[in-house]
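Visitor: Pasting protein.csv here (CSV, C-alpha atoms and all ligand atoms):
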chain,number,residue,atom,x,y,z
A,378,MET,CA,83.4,95.8,123.4
A,379,ALA,CA,83.3,97.3,119.9
A,380,MET,CA,83.2,94.1,117.9
A,381,SER,CA,81.2,94.0,114.8
A,382,TYR,CA,79.3,90.7,114.6
A,383,ASP,CA,77.3,91.9,111.6
A,384,ASP,CA,80.3,92.6,109.3
A,385,PRO,CA,79.2,91.0,106.0
A,386,HIS,CA,82.5,89.3,105.4
A,387,ARG,CA,82.4,87.7,108.8
A,388,VAL,CA,78.7,86.6,108.3
A,389,LEU,CA,79.7,85.0,104.9
A,390,LEU,CA,82.6,83.2,106.6
A,391,LEU,CA,80.2,82.0,109.3
A,392,MET,CA,77.8,80.6,106.8
A,393,ARG,CA,80.6,78.7,105.0
A,394,LEU,CA,82.1,77.4,108.3
A,395,VAL,CA,78.7,76.2,109.6
A,396,ALA,CA,78.0,74.4,106.3
A,397,ARG,CA,81.4,72.8,106.3
A,398,ALA,CA,81.2,71.8,110.0
A,399,GLN,CA,77.8,70.1,109.4
A,400,ASP,CA,79.4,67.9,106.8
A,401,ASP,CA,82.7,67.3,108.5
A,402,PRO,CA,82.8,66.5,112.3
A,403,LEU,CA,86.6,66.3,112.2
A,404,PHE,CA,86.8,69.9,111.0
A,405,LEU,CA,84.3,71.0,113.6
A,406,LYS,CA,86.4,69.4,116.4
A,407,GLN,CA,89.5,71.1,115.0
A,408,MET,CA,87.8,74.4,114.8
A,409,TYR,CA,86.6,74.1,118.4
A,410,CYS,CA,90.2,73.9,119.6
A,411,LEU,CA,90.5,77.6,118.8
A,412,ALA,CA,90.0,80.4,121.4
A,413,HIS,CA,86.4,81.6,121.5
A,414,THR,CA,86.3,83.7,124.7
A,415,GLN,CA,88.0,87.0,125.4
A,416,SER,CA,90.5,86.3,128.1
A,417,SER,CA,94.1,87.0,128.7
A,418,GLN,CA,96.7,84.5,127.7
A,419,ASP,CA,97.3,83.5,131.3
A,420,GLU,CA,93.7,82.6,131.8
A,421,MET,CA,93.4,80.5,128.6
A,422,GLU,CA,93.2,76.8,128.6
A,423,VAL,CA,96.0,75.2,126.5
A,424,PRO,CA,94.2,73.9,123.5
A,425,SER,CA,94.3,70.2,122.5
A,426,MET,CA,96.8,69.6,119.8
A,427,ASP,CA,94.9,66.5,118.6
A,428,PHE,CA,94.4,67.9,115.2
A,429,LEU,CA,98.1,68.2,114.6
A,430,ALA,CA,98.6,64.5,115.3
A,431,SER,CA,100.0,62.4,112.5
A,432,PRO,CA,98.7,60.2,110.9
A,433,PRO,CA,95.3,61.9,110.7
A,434,ARG,CA,92.6,60.3,112.8
A,435,SER,CA,89.3,59.3,111.5
A,436,PRO,CA,86.2,61.5,112.3
A,437,SER,CA,84.7,58.7,114.4
A,438,ASP,CA,87.7,59.0,116.8
A,439,TYR,CA,86.4,62.4,117.8
A,440,GLY,CA,83.1,61.2,119.0
A,441,THR,CA,79.7,62.7,118.4
A,442,ASP,CA,79.5,65.0,121.4
A,443,VAL,CA,80.1,68.2,119.6
A,444,HIS,CA,77.4,70.2,118.0
A,445,VAL,CA,77.4,73.0,115.4
A,446,ASP,CA,76.9,76.1,117.4
A,447,PRO,CA,76.8,79.2,115.1
A,448,SER,CA,77.3,81.6,118.0
A,449,ARG,CA,80.4,79.8,119.2
A,450,ILE,CA,81.7,79.7,115.6
A,451,MET,CA,81.1,83.5,115.3
A,452,ASP,CA,83.1,84.0,118.5
A,453,ILE,CA,85.9,81.9,117.0
A,454,ILE,CA,85.8,84.1,113.9
A,455,MET,CA,86.0,87.2,116.0
A,456,LEU,CA,89.1,86.1,117.8
A,457,ASN,CA,90.9,84.1,115.1
A,458,SER,CA,90.0,85.2,111.6
A,459,PHE,CA,92.5,87.0,109.4
A,460,GLU,CA,91.3,89.9,107.3
A,461,GLY,CA,92.9,92.0,104.6
A,462,GLU,CA,92.8,93.3,101.1
A,463,PHE,CA,94.3,91.8,98.0
A,464,LYS,CA,94.7,93.1,94.5
A,465,ASP,CA,93.1,91.2,91.7
A,466,ASP,CA,95.3,89.7,89.0
A,467,ASN,CA,94.8,92.8,86.8
A,468,GLN,CA,95.9,94.9,89.8
A,469,GLU,CA,93.0,97.3,89.2
A,470,SER,CA,90.6,96.6,92.0
A,471,LYS,CA,91.1,95.5,95.6
A,472,THR,CA,89.0,92.8,97.3
A,473,TRP,CA,88.5,92.4,101.0
A,474,PHE,CA,88.8,88.9,102.4
A,475,CYS,CA,88.2,87.3,105.8
A,476,GLY,CA,89.3,83.7,106.4
A,477,LEU,CA,90.0,81.2,109.2
A,478,TYR,CA,93.4,79.4,109.1
A,479,LEU,CA,93.6,76.7,111.8
A,480,ILE,CA,97.3,76.4,112.6
A,481,PRO,CA,98.1,80.1,112.3
A,482,SER,CA,95.2,80.8,114.8
A,483,LEU,CA,97.3,79.2,117.5
A,484,ILE,CA,100.1,81.7,117.2
A,485,ASN,CA,100.1,84.5,119.7
A,486,HIS,CA,100.6,88.2,119.0
A,487,SER,CA,103.7,90.1,119.9
A,488,CYS,CA,104.4,93.8,119.2
A,489,HIS,CA,108.0,92.6,118.5
A,490,ARG,CA,107.1,89.7,116.3
A,491,ASN,CA,109.6,87.3,114.7
A,492,ALA,CA,107.4,85.8,111.9
A,493,SER,CA,105.4,87.3,109.1
A,494,ARG,CA,102.6,85.9,107.0
A,495,LEU,CA,101.6,86.1,103.4
A,496,ILE,CA,98.2,84.8,102.1
A,497,VAL,CA,98.2,83.2,98.7
A,498,GLY,CA,94.8,82.1,97.7
A,499,GLY,CA,93.4,79.9,100.4
A,500,THR,CA,96.8,79.2,101.9
A,501,MET,CA,98.7,81.2,104.6
A,502,ILE,CA,102.5,81.1,104.3
A,503,LEU,CA,104.3,81.8,107.5
A,504,HIS,CA,108.0,82.4,107.5
A,505,ALA,CA,110.7,83.7,109.8
A,506,ALA,CA,111.0,87.5,109.5
A,507,THR,CA,114.3,87.4,111.4
A,508,ASP,CA,116.6,84.8,113.0
A,509,ILE,CA,114.7,82.6,115.4
A,510,GLN,CA,116.4,80.7,118.2
A,511,LYS,CA,115.6,77.0,118.9
A,512,GLY,CA,112.8,76.9,121.5
A,513,GLU,CA,111.9,80.6,121.0
A,514,GLU,CA,108.1,81.2,120.7
A,515,ILE,CA,107.0,82.1,117.1
A,516,THR,CA,104.9,85.3,117.1
A,517,ILE,CA,103.1,87.4,114.6
A,518,THR,CA,101.3,90.7,114.8
A,519,TYR,CA,97.5,90.9,114.9
A,520,ILE,CA,97.4,94.7,114.4
A,521,SER,CA,99.7,97.4,113.1
A,522,THR,CA,102.4,97.8,115.7
A,523,VAL,CA,103.8,101.0,114.2
A,524,ALA,CA,102.2,102.9,117.1
A,525,PRO,CA,102.9,103.8,120.7
A,526,LEU,CA,101.6,101.5,123.5
A,527,GLU,CA,98.4,103.5,124.2
A,528,LEU,CA,97.3,103.5,120.6
A,529,ARG,CA,98.0,99.8,120.2
A,530,HIS,CA,96.1,98.9,123.3
A,531,LYS,CA,93.2,101.3,123.1
A,532,SER,CA,92.4,101.2,119.4
A,533,SER,CA,93.1,97.7,118.3
A,534,LEU,CA,94.1,94.9,120.6
A,535,ALA,CA,91.6,95.6,123.4
A,536,MET,CA,88.8,96.5,121.1
A,537,LYS,CA,89.1,93.7,118.7
A,538,PHE,CA,90.6,90.8,120.7
A,539,GLY,CA,89.8,91.9,124.3
A,540,PHE,CA,93.2,91.2,125.8
A,541,LYS,CA,96.1,93.3,127.2
A,542,CYS,CA,99.2,92.4,125.3
A,543,LYS,CA,102.0,91.3,127.6
A,544,CYS,CA,104.9,91.1,125.1
A,545,LYS,CA,108.4,92.3,126.1
A,546,ARG,CA,107.9,95.5,124.2
A,547,CYS,CA,104.6,96.4,125.9
A,548,ILE,CA,106.1,95.7,129.3
A,549,VAL,CA,109.0,98.1,128.7
A,550,GLU,CA,106.7,100.8,127.3
A,551,ASP,CA,104.4,100.3,130.2
A,552,SER,CA,107.2,101.0,132.6
A,553,LEU,CA,107.8,104.4,130.8
A,554,ARG,CA,104.1,105.2,130.7
A,555,HIS,CA,104.4,108.1,133.2
A,556,SER,CA,107.4,109.7,131.6
A,557,LEU,CA,105.9,109.6,128.1
A,558,SER,CA,102.2,110.2,129.0
A,559,ASP,CA,102.0,113.8,127.7
A,560,VAL,CA,103.6,112.9,124.4
A,561,SER,CA,101.6,109.7,123.9
A,562,GLU,CA,98.4,111.6,124.5
A,563,MET,CA,99.4,114.3,122.0
A,564,TYR,CA,100.3,111.5,119.6
A,565,CYS,CA,96.8,109.9,119.9
A,566,ASN,CA,95.1,113.2,119.5
A,567,LEU,CA,97.1,114.3,116.4
A,568,HIS,CA,97.4,111.0,114.6
A,569,ASP,CA,94.3,111.1,112.5
A,570,LYS,CA,94.6,114.8,111.7
A,571,ALA,CA,98.2,114.4,110.5
A,572,PHE,CA,97.3,111.3,108.4
A,573,ASP,CA,94.4,113.2,106.8
A,574,GLU,CA,96.8,116.1,105.8
A,575,VAL,CA,99.2,113.6,104.2
A,576,ARG,CA,96.4,111.8,102.4
A,577,LYS,CA,95.0,115.1,101.1
A,578,ALA,CA,98.4,116.2,99.8
A,579,ILE,CA,98.9,113.0,97.9
A,580,SER,CA,95.5,113.5,96.2
A,581,LEU,CA,96.4,117.0,95.0
A,582,VAL,CA,98.9,115.7,92.4
A,583,SER,CA,98.4,118.6,89.9
A,584,HIS,CA,98.7,121.3,92.5
A,585,PRO,CA,101.0,120.4,95.4
A,586,PRO,CA,100.5,122.5,98.6
A,587,THR,CA,103.3,124.2,100.4
A,588,GLU,CA,104.9,123.0,103.7
A,589,SER,CA,103.1,125.7,105.7
A,590,SER,CA,99.7,124.0,105.1
A,591,PHE,CA,100.7,121.0,107.2
A,592,SER,CA,100.1,122.3,110.7
A,593,ALA,CA,99.2,118.9,112.2
A,594,VAL,CA,102.1,117.2,110.5
A,595,ALA,CA,104.5,119.8,111.9
A,596,GLN,CA,103.1,119.3,115.5
A,597,PHE,CA,103.2,115.6,115.0
A,598,ARG,CA,106.9,115.8,114.1
A,599,SER,CA,107.7,117.7,117.3
A,600,ILE,CA,106.4,114.6,119.2
A,601,PHE,CA,109.1,112.5,117.7
A,602,ASP,CA,111.9,115.0,118.7
A,603,ARG,CA,110.6,115.0,122.3
A,604,VAL,CA,110.4,111.2,122.5
A,605,SER,CA,113.9,110.9,121.0
A,606,SER,CA,115.5,113.3,123.5
A,607,ARG,CA,113.7,111.7,126.5
A,608,ILE,CA,114.7,108.1,125.6
A,609,ARG,CA,118.3,109.3,125.1
A,610,SER,CA,118.3,110.5,128.7
A,611,GLU,CA,116.4,107.5,130.1
A,612,TYR,CA,119.1,105.4,131.8
A,613,GLY,CA,118.7,101.7,132.0
A,614,LEU,CA,117.1,101.3,128.5
A,615,SER,CA,118.9,98.9,126.3
A,616,GLU,CA,119.6,99.7,122.6
A,617,ILE,CA,116.8,97.4,121.5
A,618,GLU,CA,114.3,99.0,123.9
A,619,ARG,CA,115.1,102.4,122.6
A,620,LYS,CA,114.4,101.1,119.1
A,621,TRP,CA,111.1,99.7,120.1
A,622,ILE,CA,110.0,103.1,121.4
A,623,MET,CA,111.3,104.9,118.4
A,624,ALA,CA,109.5,102.5,116.0
A,625,GLY,CA,106.2,103.2,117.9
A,626,TYR,CA,106.5,106.9,117.3
A,627,SER,CA,108.1,106.7,113.8
A,628,SER,CA,104.9,107.9,112.0
A,629,ALA,CA,105.3,111.2,113.8
A,630,TYR,CA,108.7,111.5,112.1
A,631,LEU,CA,107.8,110.1,108.7
A,632,GLY,CA,104.8,112.3,107.9
A,633,LYS,CA,107.0,115.4,107.6
A,634,TRP,CA,109.9,113.5,105.9
A,635,LEU,CA,107.5,112.3,103.2
A,636,ILE,CA,105.8,115.7,102.8
A,637,ARG,CA,109.2,117.4,102.3
A,638,GLY,CA,110.2,114.9,99.7
A,639,TYR,CA,106.8,115.3,98.0
A,640,ILE,CA,107.1,119.1,97.8
A,641,ALA,CA,110.8,118.9,96.7
A,642,ARG,CA,109.8,116.4,93.9
A,643,PHE,CA,107.1,118.7,92.5
A,644,SER,CA,109.1,121.9,92.8
A,645,LYS,CA,112.0,120.1,91.1
A,646,LYS,CA,114.3,121.1,94.0
A,647,PRO,CA,117.3,118.9,94.9
A,648,ALA,CA,116.5,115.7,96.8
A,649,ILE,CA,116.2,116.1,100.6
A,650,TRP,CA,118.2,114.3,103.1
A,651,ASP,CA,118.0,113.8,106.9
A,652,ASP,CA,120.2,111.3,108.6
A,653,THR,CA,117.5,110.3,111.2
A,654,ILE,CA,115.7,108.4,108.5
A,655,VAL,CA,118.2,105.6,108.6
A,656,GLU,CA,117.9,105.3,112.4
A,657,VAL,CA,114.1,105.2,112.0
A,658,VAL,CA,114.3,102.4,109.4
A,659,GLU,CA,116.7,100.4,111.6
A,660,ALA,CA,114.3,100.8,114.5
A,661,LEU,CA,111.4,99.6,112.4
A,662,ARG,CA,113.4,96.7,111.1
A,663,THR,CA,114.4,95.5,114.5
A,664,THR,CA,111.0,96.0,116.1
A,665,ILE,CA,108.7,94.8,113.3
A,666,PRO,CA,110.8,92.7,111.0
A,667,GLY,CA,109.3,91.8,107.6
A,668,LEU,CA,107.1,94.9,107.3
A,669,PRO,CA,106.3,96.0,103.7
A,670,HIS,CA,106.1,99.6,104.9
A,671,THR,CA,109.8,99.5,105.8
A,672,LEU,CA,110.7,98.1,102.4
A,673,SER,CA,109.0,101.1,100.8
A,674,LEU,CA,111.0,103.4,102.9
A,675,ILE,CA,114.2,101.6,102.1
A,676,THR,CA,113.5,101.9,98.4
A,677,LEU,CA,112.8,105.6,98.8
A,678,ILE,CA,116.1,106.1,100.6
A,679,VAL,CA,118.0,104.2,97.9
A,680,ALA,CA,116.2,106.4,95.2
A,681,ILE,CA,117.0,109.6,97.1
A,682,THR,CA,120.6,108.7,97.8
A,683,GLN,CA,121.1,108.0,94.1
A,684,ARG,CA,120.3,111.6,93.5
A,685,LEU,CA,122.8,112.9,96.1
A,686,GLU,CA,126.5,112.7,95.3
A,687,ASN,CA,128.0,112.3,98.7
A,688,LYS,CA,125.4,109.9,100.1
A,689,HIS,CA,126.1,107.0,97.8
A,690,GLU,CA,127.6,104.9,100.6
A,691,ILE,CA,124.5,105.2,102.7
A,692,GLY,CA,122.4,104.2,99.7
A,693,LYS,CA,124.5,101.0,99.3
A,694,ASP,CA,124.1,100.1,103.0
A,695,VAL,CA,120.4,100.8,102.9
A,696,PHE,CA,120.1,98.7,99.8
A,697,LYS,CA,121.5,95.7,101.6
A,698,MET,CA,118.9,96.3,104.4
A,699,GLY,CA,116.3,96.2,101.6
A,700,LEU,CA,117.4,92.8,100.4
A,701,ALA,CA,117.3,91.4,103.9
A,702,GLU,CA,113.9,92.9,104.5
A,703,CYS,CA,112.6,91.3,101.3
A,704,SER,CA,113.6,87.9,102.5
A,705,GLY,CA,111.8,88.6,105.8
A,706,ILE,CA,108.6,89.6,104.0
A,707,TYR,CA,108.5,87.2,101.1
A,708,GLY,CA,110.8,84.5,102.2
A,709,ASN,CA,112.7,84.8,99.0
A,710,LEU,CA,116.5,85.1,99.0
A,711,ARG,CA,117.1,85.7,95.3
A,712,SER,CA,118.4,89.2,94.9
A,713,ASP,CA,117.0,89.7,91.4
A,714,VAL,CA,113.5,88.9,92.7
A,715,CYS,CA,114.1,91.2,95.7
A,716,ILE,CA,115.2,94.1,93.5
A,717,LYS,CA,112.0,93.8,91.5
A,718,LEU,CA,109.9,93.6,94.7
A,719,MET,CA,111.7,96.6,96.1
A,720,GLU,CA,110.9,98.6,93.0
A,721,LYS,CA,107.3,97.6,93.3
A,722,SER,CA,107.1,98.5,97.0
A,723,THR,CA,107.1,102.2,96.4
A,724,GLU,CA,103.6,101.9,94.9
A,725,VAL,CA,102.2,102.4,98.4
A,726,ILE,CA,103.8,105.9,98.3
A,727,PRO,CA,102.5,106.9,94.9
A,728,PHE,CA,104.4,110.2,94.4
A,729,PHE,CA,107.9,108.8,94.2
B,801,LIG,C1,94.3,83.7,117.9
B,801,LIG,S1,94.4,83.3,119.6
B,801,LIG,C2,96.0,82.8,119.8
B,801,LIG,C3,96.2,81.4,120.4
B,801,LIG,C4,95.8,81.3,121.8
B,801,LIG,N1,96.8,81.7,122.7
B,801,LIG,C5,95.5,79.8,122.1
B,801,LIG,O1,96.1,79.2,123.0
B,801,LIG,O2,94.6,79.3,121.5
B,801,LIG,C6,94.2,84.9,120.3
B,801,LIG,C7,94.1,84.9,121.8
B,801,LIG,O3,95.4,84.5,122.4
B,801,LIG,C8,95.7,85.4,123.5
B,801,LIG,N2,96.9,86.2,123.2
B,801,LIG,C9,97.5,86.2,122.0
B,801,LIG,N3,98.6,87.0,122.1
B,801,LIG,C10,98.7,87.5,123.3
B,801,LIG,C11,99.6,88.4,124.0
B,801,LIG,N4,100.6,89.0,123.3
B,801,LIG,N5,99.3,88.8,125.3
B,801,LIG,C12,98.3,88.2,125.9
B,801,LIG,N6,97.4,87.4,125.3
B,801,LIG,C13,97.6,87.0,124.1
B,801,LIG,C14,94.5,86.3,123.7
B,801,LIG,O4,93.6,85.7,124.6
B,801,LIG,C15,93.8,86.3,122.3
B,801,LIG,O5,92.5,86.5,122.4
Turn this file's structure into structure tokens for me.

Guide:
Amino acid sequence: MAMSYDDPHRVLLLMRLVARAQDDPLFLKQMYCLAHTQSSQDEMEVPSMDFLASPPRSPSDYGTDVHVDPSRIMDIIMLNSFEGEFKDDNQESKTWFCGLYLIPSLINHSCHRNASRLIVGGTMILHAATDIQKGEEITITYISTVAPLELRHKSSLAMKFGFKCKCKRCIVEDSLRHSLSDVSEMYCNLHDKAFDEVRKAISLVSHPPTESSFSAVAQFRSIFDRVSSRIRSEYGLSEIERKWIMAGYSSAYLGKWLIRGYIARFSKKPAIWDDTIVEVVEALRTTIPGLPHTLSLITLIVAITQRLENKHEIGKDVFKMGLAECSGIYGNLRSDVCIKLMEKSTEVIPFF
């Protein structure tokens, strides 16, 4: 299992947690409620919810039978910690963080999540990314789920968490494994190469390359066309299931879309348009609601449609999607705030 126990951020977190646990037996007991062995959800013991009890109990109620075990705490970190990057206040440098958040650690992963999370200082804010029915399980994503099943399982979930995801989306994609096996293999093989080409193009700001220099991106794009035509002819798939699959392969489509836009921008050609982009955005919104990446795309579409006379109506509809997406990401419903956030969101795609 490729799990890095010697990652310096995790080691630092381990030292902090051990120190806190030595001083605070209640915290230790709470932390020991979290998963620490790699097993599938079905094999897991349901954890005690004692630590959610109100009013809070005193540490003596928890007994003295628990001992600080650094190796168990490291296993807890491996399965439950959240990691990421945040920008400093001056927005110039990025800092990597790794933290343990007790209650969010009890939330399972789904490749079709319904909640998103935002970390502000030492606090994690969890909010609904879409409408959630009473009694419905709240889920988040542990990994990027803008990828087909094979890539999600091979590269991230199994490697980092050691379980095979059994969410609704994975079950549907698993049932199509045979009919999509050639394209998913091609996707896994081309993924890094195509991303490198896009990254390289973005760094060549003063001298943008031509479309012909993106051979991997072009092959990657053909995967999306093949998948789209196969899922159209696959009877028995519901609308939402088609969107799940399309969202998984969406990077194969987006690479070329972005490169075309990039070249058009530098050569001062008229803005490009391709109707499929709206379908791709809808697929992403349905499958992974509250995804900042989708917000950037929406903002780009709005910007492009503003430069195209006959596409204004599309721009307005997509703009409404952007406002909805903002509330799913940031939990803020004020449209003036959302507009500012949408404008900022294109920073992840620097050339627009
Ligand atoms: C952070 S914990 C989540 C809470 C955990 N289910 C519990 O009861 O404590 C992560 C572990 O939950 C299980 N898990 C989470 N999402 C899953 C999913 N979609 N399919 C199967 N197992 C899952 C795996 O065992 C994983 O290592």

Visitor: May I ask which of the residues A:Ala492, A:Ala396, A:Cys565, A:Ala641 is the closest one to Tyr519 in chain A, counting all atoms listed in the file?

Guide: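 Among A:Ala492, A:Ala396, A:Cys565, A:Ala641, it is A:Ala492 that comes nearest to Tyr519 in chain A.
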
Visitor: Of the candidates A:Ser722, A:Thr664, A:Thr676, A:Thr414, which shows the shortest atom-to-atom distance to ligand LIG 801 (chain B), using all atoms listed in the file?

Guide: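 Result for the nearest residue to ligand LIG 801 (chain B): A:Thr414.
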
Visitor: CA of Arg619 in chain A and CA of Ile515 in chain A are how many Å apart?

Guide: 22.5 Å

Visitor: For ligand LIG 801 (chain B), which of A:Phe696, A:Tyr564, A:Trp634, A:Phe459 is the closest residue, counting only C-alpha atoms and all ligand atoms?

Guide: A:Phe459

Visitor: By how many Å are CA of Phe404 in chain A and CA of Val497 in chain A apart?

Guide: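 Distance reported for this atom pair: 21.4 Å.
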
Visitor: Could you check which of A:Lys545, A:His504, A:His444, A:His386 is closest to ligand LIG 801 (chain B), using only C-alpha atoms and all ligand atoms?

Guide: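 Of the candidates, the smallest distance to ligand LIG 801 (chain B) is held by A:Lys545.
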
Visitor: Using only C-alpha atoms and all ligand atoms, which of the listed residues (A:Glu550, A:Asp452, A:Asp384, A:Asp651) sits closest to ligand LIG 801 (chain B)?

Guide: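 Between A:Glu550, A:Asp452, A:Asp384, A:Asp651, the residue approaching ligand LIG 801 (chain B) most closely is A:Asp452.
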
Visitor: Hey, which of A:Lys693, A:Arg711, A:Arg576, A:Lys633 ends up closest to Ile654 in chain A? Count only C-alpha atoms.

Guide: A:Lys633

Visitor: Could you check how far atom C14 of ligand LIG 801 (chain B) sits from CA of Gly708 in chain A, in Å to one decimal?

Guide: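 Those two atoms sit 27.0 Å apart.
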
Visitor: Leu553 in chain A: which residues within 12 Å, counting only C-alpha atoms, same-chain residues fewer than 4 positions away excluded, as a PDB file with C-alpha atoms, in the frame of the given file?

Guide:
ATOM      1  CA  PRO A 525     102.900 103.800 120.700  1.00  0.00           C
ATOM      2  CA  LEU A 526     101.600 101.500 123.500  1.00  0.00           C
ATOM      3  CA  GLU A 527      98.400 103.500 124.200  1.00  0.00           C
ATOM      4  CA  ARG A 546     107.900  95.500 124.200  1.00  0.00           C
ATOM      5  CA  CYS A 547     104.600  96.400 125.900  1.00  0.00           C
ATOM      6  CA  ILE A 548     106.100  95.700 129.300  1.00  0.00           C
ATOM      7  CA  VAL A 549     109.000  98.100 128.700  1.00  0.00           C
ATOM      8  CA  LEU A 557     105.900 109.600 128.100  1.00  0.00           C
ATOM      9  CA  SER A 558     102.200 110.200 129.000  1.00  0.00           C
ATOM     10  CA  ASP A 559     102.000 113.800 127.700  1.00  0.00           C
ATOM     11  CA  VAL A 560     103.600 112.900 124.400  1.00  0.00           C
ATOM     12  CA  SER A 561     101.600 109.700 123.900  1.00  0.00           C
ATOM     13  CA  VAL A 604     110.400 111.200 122.500  1.00  0.00           C
ATOM     14  CA  ARG A 607     113.700 111.700 126.500  1.00  0.00           C
ATOM     15  CA  ILE A 608     114.700 108.100 125.600  1.00  0.00           C
ATOM     16  CA  GLU A 611     116.400 107.500 130.100  1.00  0.00           C
ATOM     17  CA  TYR A 612     119.100 105.400 131.800  1.00  0.00           C
ATOM     18  CA  GLY A 613     118.700 101.700 132.000  1.00  0.00           C
ATOM     19  CA  LEU A 614     117.100 101.300 128.500  1.00  0.00           C
ATOM     20  CA  GLU A 618     114.300  99.000 123.900  1.00  0.00           C
ATOM     21  CA  ARG A 619     115.100 102.400 122.600  1.00  0.00           C
ATOM     22  CA  ILE A 622     110.000 103.100 121.400  1.00  0.00           C
TER      23      ILE A 622
END

Visitor: Would you kindly identify which residues have an atom no farther than 12 Å from (117.5, 109.6, 97.6), using all atoms listed in the file and the file's own coordinates, and write them out as a ChimeraX atom specification?

Guide: /A:634-635,638,641-642,647-652,654-655,674-693,695-696,729

Visitor: Can you tell me which residues surround Glu588 in chain A at a distance of at most 8 Å, considering all atoms listed in the file, apart from same-chain residues fewer than 6 positions away, and format the answer as a list in words?

Guide: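 Final neighbour list, sorted by chain and number: Ile636, Arg637 and Ile640 of chain A.
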